[in-house]
Amino acid sequence: MAIQRQLTNERMSQIVTHNGVVYLAGQVGDDMAAGIEQQTRETLANIERLLDLAGSSKEHVLSVTIYLKDIDAHFEGMNAVWDQWLPKGVAPARATVEAKLCEPEILVELSVTAALK
């Protein structure tokens, strides 16, 4: 099966699909001045849009790695938004870690793997 890449530049692809699996590049929100809840909402909206473009959906997410700038300060707020976004009964494998992100204003970044529909 061929590897498909979408929204690609010289450094990375936002979506890579292979063998029935969708891999998304790390996603962040749009408003870096926003708090953790808004950044999480925007990040999840970007993920949902990319999954749709790839032929998948949040119901097909297999695993997620969540990177938080400050896990003590942001874990609860991020989880409040996550819990509202994720449909019941489809919780993916998940890891959440504290990380130094590429821009100091970024509070949360998510990396997602999903199955095609």
# chains A, B, ... in the order shown; residues from 1 in each chain; ligands from 1
>>> select_by_dssp(residues="stretch 64-93 of chain A", states="helix (DSSP H, G or I)", output="JSON, numbers by chain")
{"A": [71, 72, 73, 74, 75, 76, 77, 78, 79, 80, 81, 82, 83, 84, 85]}
>>> residues_around(residues="A:Glu105", least_positions_apart="3", cutoff="9 Å", atoms="only C-alpha atoms", output="list in words")
Met32, Ala33, Ala34, Lys69, Leu101 and Cys102 of chain A
>>> closest_residue(among="A:Thr8, A:Ser13, A:Asn19, A:Gln38", to="A:Leu107", atoms="only C-alpha atoms")
A:Gln38
>>> select_by_dssp(residues="chain A", states="strand (DSSP E)", output="JSON, numbers by chain")
{"A": [4, 5, 6, 7, 8, 13, 14, 15, 16, 17, 18, 21, 22, 23, 24, 61, 62, 63, 64, 65, 66, 67, 68, 93, 94, 95, 96, 97, 98, 108, 109, 110, 111, 112, 113, 114, 115]}
>>> atom_distance(atom1="atom CA of A:Glu103", atom2="atom CA of A:Ile71")
16.3 Å
>>> residues_around(residues="stretch 91-96 of chain A", least_positions_apart="2", cutoff="12 Å", atoms="only C-alpha atoms", output="ChimeraX atom specification")
/A:58-72,74-76,78-79,82-89,98-99,108-115
>>> write_last_selection(atoms="C-alpha atoms", output="tab-separated table (two decimals), in the first residue's frame")
chain	number	residue	atom	x	y	z
A	58	LYS	CA	-12.24	11.41	16.37
A	59	GLU	CA	-14.18	8.18	16.88
A	60	HIS	CA	-11.31	6.36	15.12
A	61	VAL	CA	-8.41	7.79	17.15
A	62	LEU	CA	-6.08	5.01	18.27
A	63	SER	CA	-3.53	6.91	20.33
A	64	VAL	CA	-2.69	10.42	21.43
A	65	THR	CA	0.40	11.93	22.98
A	66	ILE	CA	-0.32	15.20	24.76
A	67	TYR	CA	2.51	17.61	25.46
A	68	LEU	CA	1.85	20.26	28.12
A	69	LYS	CA	4.09	23.22	28.85
A	70	ASP	CA	3.30	22.92	32.58
A	71	ILE	CA	1.59	19.68	33.57
A	72	ASP	CA	0.79	20.91	37.09
A	74	HIS	CA	-2.53	22.81	32.68
A	75	PHE	CA	-3.50	19.15	33.14
A	76	GLU	CA	-6.90	19.81	34.71
A	78	MET	CA	-6.82	20.48	29.22
A	79	ASN	CA	-8.66	17.39	30.51
A	82	TRP	CA	-10.70	16.80	26.21
A	83	ASP	CA	-13.48	15.07	28.17
A	84	GLN	CA	-16.13	17.23	26.45
A	85	TRP	CA	-14.64	16.62	22.98
A	86	LEU	CA	-14.17	12.86	23.11
A	87	PRO	CA	-17.28	10.73	22.53
A	88	LYS	CA	-18.07	8.14	25.20
A	89	GLY	CA	-16.74	4.66	24.61
A	98	GLU	CA	5.40	17.90	30.28
A	99	ALA	CA	7.59	19.29	27.52
A	108	VAL	CA	-0.46	22.27	24.60
A	109	GLU	CA	0.43	20.16	21.56
A	110	LEU	CA	-1.17	16.87	20.52
A	111	SER	CA	0.15	14.11	18.28
A	112	VAL	CA	-2.54	11.74	16.98
A	113	THR	CA	-2.69	8.34	15.30
A	114	ALA	CA	-6.06	7.14	13.96
A	115	ALA	CA	-7.56	4.40	11.84
>>> atom_distance(atom1="atom CA of A:Thr43", atom2="atom CA of A:Gln27")
5.9 Å
>>> residues_around(residues="A:Gln14", least_positions_apart="4", cutoff="6 Å", atoms="only C-alpha atoms", output="ChimeraX atom specification")
/A:7,24-25
>>> residues_around(residues="A:Ser57", least_positions_apart="6", cutoff="10 Å", atoms="only C-alpha atoms", output="number ranges by chain")
A: 47-51, 114-117
>>> write_last_selection(atoms="C-alpha atoms", output="compact mmCIF listing (two decimals), in the first residue's frame")
# COMPACT_ATOMS: atom_id res chain seq x y z
CA ILE A 47 -7.23 17.66 14.69
CA GLU A 48 -10.87 17.03 13.81
CA ARG A 49 -10.46 18.97 10.54
CA LEU A 50 -7.31 17.05 9.58
CA LEU A 51 -8.84 13.68 10.47
CA ALA A 114 -6.06 7.14 13.96
CA ALA A 115 -7.56 4.40 11.84
CA LEU A 116 -9.20 5.22 8.54
CA LYS A 117 -12.99 4.91 8.49
>>> residues_around(residues="stretch 1-3 of chain A", least_positions_apart="4", cutoff="8 Å", atoms="only C-alpha atoms", output="VMD selection string")
chain A and resid 16 to 19
>>> atom_distance(atom1="atom CA of A:Val21", atom2="atom CA of A:Lys100")
27.9 Å
